[in-house]
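Heads up, start.cif below (mmCIF, C-alpha atoms, pLDDT in the B column; chains and numbers go by the auth columns):
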```
data_run
loop_
_atom_site.group_PDB
_atom_site.id
_atom_site.type_symbol
_atom_site.label_atom_id
_atom_site.label_comp_id
_atom_site.label_asym_id
_atom_site.label_seq_id
_atom_site.Cartn_x
_atom_site.Cartn_y
_atom_site.Cartn_z
_atom_site.B_iso_or_equiv
_atom_site.auth_seq_id
_atom_site.auth_asym_id
ATOM 1 C CA ILE A 1 -10.802 3.204 -8.363 97.00 12 Z
ATOM 2 C CA LYS A 2 -12.693 1.350 -5.667 98.00 13 Z
ATOM 3 C CA ASP A 3 -11.796 1.479 -1.967 98.00 14 Z
ATOM 4 C CA VAL A 4 -11.384 -1.919 -0.305 98.00 15 Z
ATOM 5 C CA LYS A 5 -11.460 -2.543 3.446 97.00 16 Z
ATOM 6 C CA VAL A 6 -8.191 -3.781 4.933 97.00 17 Z
ATOM 7 C CA LYS A 7 -9.583 -7.161 6.046 98.00 18 Z
ATOM 8 C CA GLU A 8 -10.817 -7.806 2.497 98.00 19 Z
ATOM 9 C CA VAL A 9 -7.362 -6.877 1.185 98.00 20 Z
ATOM 10 C CA TRP A 10 -5.748 -9.372 3.576 98.00 21 Z
ATOM 11 C CA LYS A 11 -8.147 -12.135 2.476 98.00 22 Z
ATOM 12 C CA ASP A 12 -7.548 -11.462 -1.215 98.00 23 Z
ATOM 13 C CA LEU A 13 -3.766 -11.338 -0.787 98.00 24 Z
ATOM 14 C CA ALA A 14 -3.894 -14.674 1.021 98.00 25 Z
ATOM 15 C CA ALA A 15 -6.195 -16.297 -1.540 98.00 26 Z
ATOM 16 C CA HIS A 16 -4.650 -15.165 -4.831 97.00 27 Z
ATOM 17 C CA LYS A 17 -1.043 -15.700 -5.790 93.00 28 Z
ATOM 18 C CA SER A 18 -0.815 -12.731 -8.136 94.00 29 Z
ATOM 19 C CA SER A 19 -2.574 -10.140 -5.963 98.00 30 Z
ATOM 20 C CA THR A 20 -0.047 -7.608 -4.703 98.00 31 Z
ATOM 21 C CA LEU A 21 0.123 -4.907 -2.055 98.00 32 Z
ATOM 22 C CA VAL A 22 1.916 -1.726 -3.096 98.00 33 Z
ATOM 23 C CA ASP A 23 2.933 0.519 -0.190 98.00 34 Z
ATOM 24 C CA VAL A 24 3.392 4.042 -1.553 98.00 35 Z
ATOM 25 C CA ARG A 25 4.328 5.782 1.700 98.00 36 Z
ATOM 26 C CA THR A 26 7.735 7.353 2.234 97.00 37 Z
ATOM 27 C CA VAL A 27 10.995 5.762 3.329 96.00 38 Z
ATOM 28 C CA ALA A 28 10.625 7.624 6.635 96.00 39 Z
ATOM 29 C CA GLU A 29 7.161 6.133 7.214 96.00 40 Z
ATOM 30 C CA TRP A 30 8.383 2.598 6.504 96.00 41 Z
ATOM 31 C CA SER A 31 11.326 3.135 8.843 95.00 42 Z
ATOM 32 C CA TYR A 32 9.623 4.886 11.749 94.00 43 Z
ATOM 33 C CA VAL A 33 5.948 3.925 11.615 94.00 44 Z
ATOM 34 C CA GLY A 34 6.183 0.323 10.416 96.00 45 Z
ATOM 35 C CA PHE A 35 4.869 -1.653 7.484 97.00 46 Z
ATOM 36 C CA VAL A 36 2.641 -4.562 6.520 98.00 47 Z
ATOM 37 C CA ASP A 37 4.034 -8.030 7.214 98.00 48 Z
ATOM 38 C CA LEU A 38 2.853 -10.543 4.611 98.00 49 Z
ATOM 39 C CA SER A 39 5.255 -13.332 5.624 98.00 50 Z
ATOM 40 C CA GLN A 40 2.387 -15.495 6.950 97.00 51 Z
ATOM 41 C CA ILE A 41 1.094 -15.765 3.383 98.00 52 Z
ATOM 42 C CA ASN A 42 4.551 -16.019 1.773 97.00 53 Z
ATOM 43 C CA LYS A 43 4.403 -12.598 0.166 97.00 54 Z
ATOM 44 C CA LYS A 44 6.169 -9.265 0.408 96.00 55 Z
ATOM 45 C CA PRO A 45 4.710 -5.831 -0.256 98.00 56 Z
ATOM 46 C CA VAL A 46 6.183 -3.700 -3.009 98.00 57 Z
ATOM 47 C CA PHE A 47 7.636 -0.463 -1.617 98.00 58 Z
ATOM 48 C CA ILE A 48 7.762 2.558 -3.941 98.00 59 Z
ATOM 49 C CA GLU A 49 7.248 6.123 -2.734 98.00 60 Z
ATOM 50 C CA TRP A 50 4.472 8.079 -4.460 98.00 61 Z
ATOM 51 C CA GLN A 51 5.796 11.282 -2.907 97.00 62 Z
ATOM 52 C CA MET A 52 9.481 11.307 -2.102 96.00 63 Z
ATOM 53 C CA PHE A 53 10.860 12.088 1.324 95.00 64 Z
ATOM 54 C CA PRO A 54 11.859 14.725 2.421 95.00 65 Z
ATOM 55 C CA THR A 55 10.553 17.052 -0.321 95.00 66 Z
ATOM 56 C CA PHE A 56 7.238 15.227 -0.859 95.00 67 Z
ATOM 57 C CA GLU A 57 7.486 15.837 -4.585 97.00 68 Z
ATOM 58 C CA ILE A 58 5.511 13.375 -6.687 97.00 69 Z
ATOM 59 C CA ASN A 59 7.872 10.606 -7.761 98.00 70 Z
ATOM 60 C CA ALA A 60 8.120 11.160 -11.532 98.00 71 Z
ATOM 61 C CA ASP A 61 9.480 7.610 -11.943 98.00 72 Z
ATOM 62 C CA PHE A 62 6.732 5.914 -9.920 98.00 73 Z
ATOM 63 C CA VAL A 63 4.913 4.270 -12.842 98.00 74 Z
ATOM 64 C CA THR A 64 8.117 3.153 -14.552 98.00 75 Z
ATOM 65 C CA LYS A 65 9.623 1.751 -11.343 98.00 76 Z
ATOM 66 C CA LEU A 66 6.459 -0.054 -10.275 98.00 77 Z
ATOM 67 C CA ASP A 67 5.875 -1.475 -13.758 98.00 78 Z
ATOM 68 C CA ALA A 68 9.446 -2.848 -13.794 98.00 79 Z
ATOM 69 C CA GLU A 69 9.135 -4.270 -10.273 97.00 80 Z
ATOM 70 C CA LEU A 70 5.873 -6.014 -11.121 97.00 81 Z
ATOM 71 C CA LYS A 71 7.281 -7.467 -14.340 96.00 82 Z
ATOM 72 C CA ASN A 72 10.378 -8.693 -12.444 96.00 83 Z
ATOM 73 C CA ASN A 73 7.986 -10.619 -10.202 94.00 84 Z
ATOM 74 C CA ASP A 74 5.938 -12.016 -13.113 95.00 85 Z
ATOM 75 C CA ILE A 75 2.934 -9.864 -12.260 96.00 86 Z
ATOM 76 C CA ASP A 76 1.078 -8.622 -15.316 96.00 87 Z
ATOM 77 C CA ASN A 77 -1.521 -5.937 -15.880 96.00 88 Z
ATOM 78 C CA GLN A 78 -4.357 -8.377 -15.115 97.00 89 Z
ATOM 79 C CA ALA A 79 -3.259 -8.923 -11.504 97.00 90 Z
ATOM 80 C CA THR A 80 -5.064 -7.304 -8.601 98.00 91 Z
ATOM 81 C CA LEU A 81 -3.045 -4.445 -7.127 98.00 92 Z
ATOM 82 C CA PHE A 82 -3.881 -2.930 -3.757 98.00 93 Z
ATOM 83 C CA PHE A 83 -2.357 0.499 -3.108 98.00 94 Z
ATOM 84 C CA MET A 84 -1.744 1.624 0.468 98.00 95 Z
ATOM 85 C CA CYS A 85 -0.518 4.816 2.095 97.00 96 Z
ATOM 86 C CA ARG A 86 -1.065 6.252 5.577 95.00 97 Z
ATOM 87 C CA SER A 87 -4.747 7.071 5.191 90.00 98 Z
ATOM 88 C CA GLY A 88 -5.803 6.381 1.588 90.00 99 Z
ATOM 89 C CA VAL A 89 -5.127 9.654 -0.250 92.00 100 Z
ATOM 90 C CA ARG A 90 -1.705 9.160 -1.882 96.00 101 Z
ATOM 91 C CA SER A 91 -2.536 5.549 -2.628 98.00 102 Z
ATOM 92 C CA LEU A 92 -5.624 6.584 -4.565 98.00 103 Z
ATOM 93 C CA ALA A 93 -3.496 8.837 -6.777 98.00 104 Z
ATOM 94 C CA ALA A 94 -0.983 6.014 -7.294 98.00 105 Z
ATOM 95 C CA ALA A 95 -3.738 3.527 -8.186 98.00 106 Z
ATOM 96 C CA LYS A 96 -5.156 5.965 -10.732 98.00 107 Z
ATOM 97 C CA ALA A 97 -1.699 6.402 -12.270 98.00 108 Z
ATOM 98 C CA MET A 98 -1.239 2.652 -12.743 98.00 109 Z
ATOM 99 C CA ALA A 99 -4.785 2.212 -14.065 98.00 110 Z
ATOM 100 C CA SER A 100 -4.069 4.916 -16.629 98.00 111 Z
ATOM 101 C CA VAL A 101 -1.216 2.826 -18.094 97.00 112 Z
ATOM 102 C CA GLY A 102 -3.257 -0.354 -18.440 98.00 113 Z
ATOM 103 C CA TYR A 103 -3.295 -2.089 -15.060 98.00 114 Z
ATOM 104 C CA ARG A 104 -6.889 -3.216 -14.969 97.00 115 Z
ATOM 105 C CA HIS A 105 -7.491 -4.176 -11.337 98.00 116 Z
ATOM 106 C CA CYS A 106 -6.191 -1.362 -9.151 98.00 117 Z
ATOM 107 C CA PHE A 107 -7.761 -0.759 -5.751 98.00 118 Z
ATOM 108 C CA ASN A 108 -7.225 1.708 -2.947 98.00 119 Z
ATOM 109 C CA VAL A 109 -6.807 0.343 0.592 98.00 120 Z
ATOM 110 C CA GLU A 110 -9.491 2.154 2.570 96.00 121 Z
ATOM 111 C CA ASN A 111 -8.014 4.086 5.524 95.00 122 Z
ATOM 112 C CA GLY A 112 -4.534 2.830 4.639 96.00 123 Z
ATOM 113 C CA PHE A 113 -1.965 1.740 7.182 97.00 124 Z
ATOM 114 C CA GLU A 114 -2.959 4.074 10.021 95.00 125 Z
ATOM 115 C CA GLY A 115 -6.308 5.648 9.154 90.00 126 Z
ATOM 116 C CA PRO A 116 -7.454 9.145 10.063 87.00 127 Z
ATOM 117 C CA PRO A 117 -6.446 10.856 13.305 85.00 128 Z
ATOM 118 C CA ASP A 118 -8.545 10.449 16.434 85.00 129 Z
ATOM 119 C CA ALA A 119 -9.616 13.279 18.786 85.00 130 Z
ATOM 120 C CA GLU A 120 -6.048 13.428 20.135 87.00 131 Z
ATOM 121 C CA GLN A 121 -4.620 13.657 16.590 86.00 132 Z
ATOM 122 C CA LYS A 122 -3.124 10.152 16.828 84.00 133 Z
ATOM 123 C CA ARG A 123 -3.487 7.615 14.044 81.00 134 Z
ATOM 124 C CA GLY A 124 -3.791 3.841 14.005 80.00 135 Z
ATOM 125 C CA LYS A 125 -6.375 3.509 16.745 83.00 136 Z
ATOM 126 C CA PHE A 126 -9.766 3.060 15.103 82.00 137 Z
ATOM 127 C CA SER A 127 -9.322 2.281 11.406 91.00 138 Z
ATOM 128 C CA GLY A 128 -6.679 1.126 8.966 95.00 139 Z
ATOM 129 C CA TRP A 129 -4.338 -1.865 8.851 97.00 140 Z
ATOM 130 C CA LYS A 130 -2.845 -1.372 12.321 94.00 141 Z
ATOM 131 C CA ALA A 131 -6.180 -0.741 14.049 93.00 142 Z
ATOM 132 C CA GLU A 132 -7.629 -3.916 12.514 95.00 143 Z
ATOM 133 C CA LYS A 133 -4.712 -5.810 14.078 96.00 144 Z
ATOM 134 C CA LEU A 134 -3.505 -7.240 10.791 97.00 145 Z
ATOM 135 C CA PRO A 135 0.163 -8.319 10.671 98.00 146 Z
ATOM 136 C CA TRP A 136 2.718 -5.518 10.658 97.00 147 Z
ATOM 137 C CA VAL A 137 6.231 -4.848 11.916 97.00 148 Z
ATOM 138 C CA GLN A 138 8.239 -1.879 13.049 93.00 149 Z
ATOM 139 C CA LYS A 139 12.010 -2.037 12.773 83.00 150 Z
#
```

For this file, produce the structure as structure tokens.
Amino acid sequence: IKDVKVKEVWKDLAAHKSSTLVDVRTVAEWSYVGFVDLSQINKKPVFIEWQMFPTFEINADFVTKLDAELKNNDIDNQATLFFMCRSGVRSLAAAKAMASVGYRHCFNVENGFEGPPDAEQKRGKFSGWKAEKLPWVQK
């Protein structure tokens, strides 16, 4: 699974109708940290937890749920799928899981939504979706 820089992900999502962003962070992260806003390009991310909050157990239904969600949106196994988490670790595992069931173009979003922590242990300042000032919202 190849890592792709966030600006390249944004460009691909904007250019290709079937390319899809899959946010695998937890419900708590979506609620409290924020999430990608794809409304400018008339898209929505797919939200499915790889590890479930609050236990952080691997979501045993992840592949089944994502496969169903993609099919409901007419996205087949030839589409480009970009997997994102906070920093790029969980999303890599999720991308590998979908590749193992026949999705041929799975990519990991390098540095994810917030990237690694800085010297003060804060994220989102020097790499990742937020740091690159790509569209996102916090509700």

Box for region 55-73 of chain Z: with edges along x, y and z, all listed atoms inside and 5 Å added on each side, what are the centre and edge lengths in Å to one decimal, as JSON?
```
{"center_x": 8.2, "center_y": 3.9, "center_z": -4.8, "size_x": 17.4, "size_y": 36.3, "size_z": 24.4}
```

Close residues, Leu24 (chain Z) itself excluded, 12 Å, all atoms listed in the file, min 6 positions apart in chain, as a short mmCIF file (atom, residue, chain, number, x, y, z; two decimals) with C-alpha atoms, keeping the file's coordinate frame:
```cif
data_model
loop_
_atom_site.label_atom_id
_atom_site.label_comp_id
_atom_site.auth_asym_id
_atom_site.auth_seq_id
_atom_site.Cartn_x
_atom_site.Cartn_y
_atom_site.Cartn_z
CA VAL Z 17 -8.19 -3.78 4.93
CA LYS Z 18 -9.58 -7.16 6.05
CA SER Z 30 -2.57 -10.14 -5.96
CA THR Z 31 -0.05 -7.61 -4.70
CA LEU Z 32 0.12 -4.91 -2.06
CA VAL Z 33 1.92 -1.73 -3.10
CA VAL Z 47 2.64 -4.56 6.52
CA ASP Z 48 4.03 -8.03 7.21
CA LEU Z 49 2.85 -10.54 4.61
CA SER Z 50 5.26 -13.33 5.62
CA GLN Z 51 2.39 -15.50 6.95
CA ILE Z 52 1.09 -15.76 3.38
CA ASN Z 53 4.55 -16.02 1.77
CA LYS Z 54 4.40 -12.60 0.17
CA LYS Z 55 6.17 -9.26 0.41
CA PRO Z 56 4.71 -5.83 -0.26
CA ALA Z 90 -3.26 -8.92 -11.50
CA THR Z 91 -5.06 -7.30 -8.60
CA LEU Z 92 -3.04 -4.44 -7.13
CA PHE Z 93 -3.88 -2.93 -3.76
#
```

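The list of residues within 6 Å of (8.3, -4.3, -7.1), counted using all atoms listed in the file, is Val57, Leu77, Glu80 and Leu81 of chain Z.
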
Residue nearest Ser111 (chain Z) - candidates Z:Gln62, Z:Asn88, Z:Ser98, Z:Gln149, atoms counted: only C-alpha atoms: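 Counting only C-alpha atoms, the residue closest to Ser111 (chain Z) is Z:Asn88.
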
Phe118 (chain Z) surroundings by only C-alpha atoms, 9 Å radius, close-in-sequence under 4 positions cut, as an MDAnalysis selection string: chainID Z and resid 12:15 91:95 102:103 106:107

Distance criterion (all atoms listed in the file): nearest to Glu68 (chain Z) out of Z:Lys136, Z:Arg101, Z:Glu125, Z:Tyr114: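 Of the candidates, the smallest distance to Glu68 (chain Z) is held by Z:Arg101.
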
Residue nearest Val112 (chain Z) - candidates Z:Ile69, Z:Val74, Z:Ala142, Z:Ala79, atoms counted: all atoms listed in the file: Z:Val74

Between CA of Trp61 (chain Z) and CA of Ala104 (chain Z), distance in Å (one decimal):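 Spanning CA of Trp61 (chain Z) to CA of Ala104 (chain Z) is a straight-line distance of 8.3 Å.
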
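What the PyMOL selection byres ((chain Z and resi 44) around 12) grabs from this file is Arg36, Thr37, Val38, Ala39, Glu40, Trp41, Ser42, Tyr43, Gly45, Phe46, Val47, Cys96, Arg97, Phe124, Glu125, Arg134, Gly135, Lys141, Trp147, Val148, Gln149 and Lys150 of chain Z.
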
For C-alpha atoms, I'd like the residues from the last selection saved as a PDB file, in the frame of the given file.
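Done, and the output landed in selection17.pdb:
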```
ATOM      1  CA  ARG Z  36       4.328   5.782   1.700  1.00 98.00           C
ATOM      2  CA  THR Z  37       7.735   7.353   2.234  1.00 97.00           C
ATOM      3  CA  VAL Z  38      10.995   5.762   3.329  1.00 96.00           C
ATOM      4  CA  ALA Z  39      10.625   7.624   6.635  1.00 96.00           C
ATOM      5  CA  GLU Z  40       7.161   6.133   7.214  1.00 96.00           C
ATOM      6  CA  TRP Z  41       8.383   2.598   6.504  1.00 96.00           C
ATOM      7  CA  SER Z  42      11.326   3.135   8.843  1.00 95.00           C
ATOM      8  CA  TYR Z  43       9.623   4.886  11.749  1.00 94.00           C
ATOM      9  CA  GLY Z  45       6.183   0.323  10.416  1.00 96.00           C
ATOM     10  CA  PHE Z  46       4.869  -1.653   7.484  1.00 97.00           C
ATOM     11  CA  VAL Z  47       2.641  -4.562   6.520  1.00 98.00           C
ATOM     12  CA  CYS Z  96      -0.518   4.816   2.095  1.00 97.00           C
ATOM     13  CA  ARG Z  97      -1.065   6.252   5.577  1.00 95.00           C
ATOM     14  CA  PHE Z 124      -1.965   1.740   7.182  1.00 97.00           C
ATOM     15  CA  GLU Z 125      -2.959   4.074  10.021  1.00 95.00           C
ATOM     16  CA  ARG Z 134      -3.487   7.615  14.044  1.00 81.00           C
ATOM     17  CA  GLY Z 135      -3.791   3.841  14.005  1.00 80.00           C
ATOM     18  CA  LYS Z 141      -2.845  -1.372  12.321  1.00 94.00           C
ATOM     19  CA  TRP Z 147       2.718  -5.518  10.658  1.00 97.00           C
ATOM     20  CA  VAL Z 148       6.231  -4.848  11.916  1.00 97.00           C
ATOM     21  CA  GLN Z 149       8.239  -1.879  13.049  1.00 93.00           C
ATOM     22  CA  LYS Z 150      12.010  -2.037  12.773  1.00 83.00           C
TER      23      LYS Z 150
END
```

d(CA of Phe73 (chain Z), CA of Phe58 (chain Z)) in Å: 10.5 Å

Could you add whatever atoms are missing so that region 102-113 of chain Z carries all heavy atoms, then write the result as a PDB file, in the coordinates of the input?
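Result written to out08.pdb:
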```
ATOM      1  N   SER Z 102      -2.364   6.843  -1.966  1.00 98.00           N
ATOM      2  CA  SER Z 102      -2.536   5.549  -2.628  1.00 98.00           C
ATOM      3  C   SER Z 102      -3.598   5.610  -3.718  1.00 98.00           C
ATOM      4  O   SER Z 102      -3.479   4.940  -4.747  1.00 98.00           O
ATOM      5  CB  SER Z 102      -2.867   4.462  -1.605  1.00 98.00           C
ATOM      6  OG  SER Z 102      -3.957   4.848  -0.789  1.00 98.00           O
ATOM      7  N   LEU Z 103      -4.610   6.425  -3.526  1.00 98.00           N
ATOM      8  CA  LEU Z 103      -5.624   6.584  -4.565  1.00 98.00           C
ATOM      9  C   LEU Z 103      -5.004   7.200  -5.814  1.00 98.00           C
ATOM     10  O   LEU Z 103      -5.250   6.737  -6.933  1.00 98.00           O
ATOM     11  CB  LEU Z 103      -6.786   7.446  -4.060  1.00 98.00           C
ATOM     12  CG  LEU Z 103      -7.891   7.731  -5.072  1.00 98.00           C
ATOM     13  CD1 LEU Z 103      -8.528   6.450  -5.594  1.00 98.00           C
ATOM     14  CD2 LEU Z 103      -8.947   8.643  -4.447  1.00 98.00           C
ATOM     15  N   ALA Z 104      -4.170   8.216  -5.633  1.00 98.00           N
ATOM     16  CA  ALA Z 104      -3.496   8.837  -6.777  1.00 98.00           C
ATOM     17  C   ALA Z 104      -2.585   7.834  -7.480  1.00 98.00           C
ATOM     18  O   ALA Z 104      -2.540   7.781  -8.716  1.00 98.00           O
ATOM     19  CB  ALA Z 104      -2.693  10.052  -6.306  1.00 98.00           C
ATOM     20  N   ALA Z 105      -1.877   7.022  -6.713  1.00 98.00           N
ATOM     21  CA  ALA Z 105      -0.983   6.014  -7.294  1.00 98.00           C
ATOM     22  C   ALA Z 105      -1.776   4.958  -8.061  1.00 98.00           C
ATOM     23  O   ALA Z 105      -1.377   4.542  -9.157  1.00 98.00           O
ATOM     24  CB  ALA Z 105      -0.141   5.372  -6.200  1.00 98.00           C
ATOM     25  N   ALA Z 106      -2.894   4.515  -7.504  1.00 98.00           N
ATOM     26  CA  ALA Z 106      -3.738   3.527  -8.186  1.00 98.00           C
ATOM     27  C   ALA Z 106      -4.264   4.078  -9.506  1.00 98.00           C
ATOM     28  O   ALA Z 106      -4.277   3.374 -10.518  1.00 98.00           O
ATOM     29  CB  ALA Z 106      -4.890   3.109  -7.273  1.00 98.00           C
ATOM     30  N   LYS Z 107      -4.668   5.338  -9.490  1.00 98.00           N
ATOM     31  CA  LYS Z 107      -5.156   5.965 -10.732  1.00 98.00           C
ATOM     32  C   LYS Z 107      -4.045   6.027 -11.778  1.00 98.00           C
ATOM     33  O   LYS Z 107      -4.294   5.798 -12.964  1.00 98.00           O
ATOM     34  CB  LYS Z 107      -5.690   7.366 -10.443  1.00 98.00           C
ATOM     35  CG  LYS Z 107      -7.007   7.373  -9.719  1.00 98.00           C
ATOM     36  CD  LYS Z 107      -7.460   8.807  -9.417  1.00 98.00           C
ATOM     37  CE  LYS Z 107      -8.804   8.819  -8.720  1.00 98.00           C
ATOM     38  NZ  LYS Z 107      -9.228  10.205  -8.389  1.00 98.00           N
ATOM     39  N   ALA Z 108      -2.825   6.320 -11.334  1.00 98.00           N
ATOM     40  CA  ALA Z 108      -1.699   6.402 -12.270  1.00 98.00           C
ATOM     41  C   ALA Z 108      -1.443   5.051 -12.930  1.00 98.00           C
ATOM     42  O   ALA Z 108      -1.212   4.984 -14.145  1.00 98.00           O
ATOM     43  CB  ALA Z 108      -0.440   6.885 -11.538  1.00 98.00           C
ATOM     44  N   MET Z 109      -1.491   3.980 -12.163  1.00 98.00           N
ATOM     45  CA  MET Z 109      -1.239   2.652 -12.743  1.00 98.00           C
ATOM     46  C   MET Z 109      -2.408   2.203 -13.609  1.00 98.00           C
ATOM     47  O   MET Z 109      -2.202   1.555 -14.643  1.00 98.00           O
ATOM     48  CB  MET Z 109      -0.935   1.638 -11.648  1.00 98.00           C
ATOM     49  CG  MET Z 109       0.377   1.901 -10.928  1.00 98.00           C
ATOM     50  SD  MET Z 109       1.813   2.129 -12.011  1.00 98.00           S
ATOM     51  CE  MET Z 109       2.078   0.443 -12.579  1.00 98.00           C
ATOM     52  N   ALA Z 110      -3.622   2.543 -13.230  1.00 98.00           N
ATOM     53  CA  ALA Z 110      -4.785   2.212 -14.065  1.00 98.00           C
ATOM     54  C   ALA Z 110      -4.689   2.930 -15.410  1.00 98.00           C
ATOM     55  O   ALA Z 110      -5.064   2.368 -16.444  1.00 98.00           O
ATOM     56  CB  ALA Z 110      -6.075   2.574 -13.340  1.00 98.00           C
ATOM     57  N   SER Z 111      -4.152   4.142 -15.394  1.00 98.00           N
ATOM     58  CA  SER Z 111      -4.069   4.916 -16.629  1.00 98.00           C
ATOM     59  C   SER Z 111      -3.072   4.342 -17.631  1.00 98.00           C
ATOM     60  O   SER Z 111      -3.115   4.689 -18.811  1.00 98.00           O
ATOM     61  CB  SER Z 111      -3.720   6.373 -16.329  1.00 98.00           C
ATOM     62  OG  SER Z 111      -2.360   6.509 -15.998  1.00 98.00           O
ATOM     63  N   VAL Z 112      -2.176   3.452 -17.172  1.00 97.00           N
ATOM     64  CA  VAL Z 112      -1.216   2.826 -18.094  1.00 97.00           C
ATOM     65  C   VAL Z 112      -1.556   1.359 -18.357  1.00 97.00           C
ATOM     66  O   VAL Z 112      -0.728   0.598 -18.830  1.00 97.00           O
ATOM     67  CB  VAL Z 112       0.253   2.988 -17.612  1.00 97.00           C
ATOM     68  CG1 VAL Z 112       0.648   4.446 -17.596  1.00 97.00           C
ATOM     69  CG2 VAL Z 112       0.486   2.310 -16.281  1.00 97.00           C
ATOM     70  N   GLY Z 113      -2.789   0.960 -18.029  1.00 98.00           N
ATOM     71  CA  GLY Z 113      -3.257  -0.354 -18.440  1.00 98.00           C
ATOM     72  C   GLY Z 113      -3.374  -1.420 -17.370  1.00 98.00           C
ATOM     73  O   GLY Z 113      -3.769  -2.547 -17.672  1.00 98.00           O
TER      74      GLY Z 113
END
```
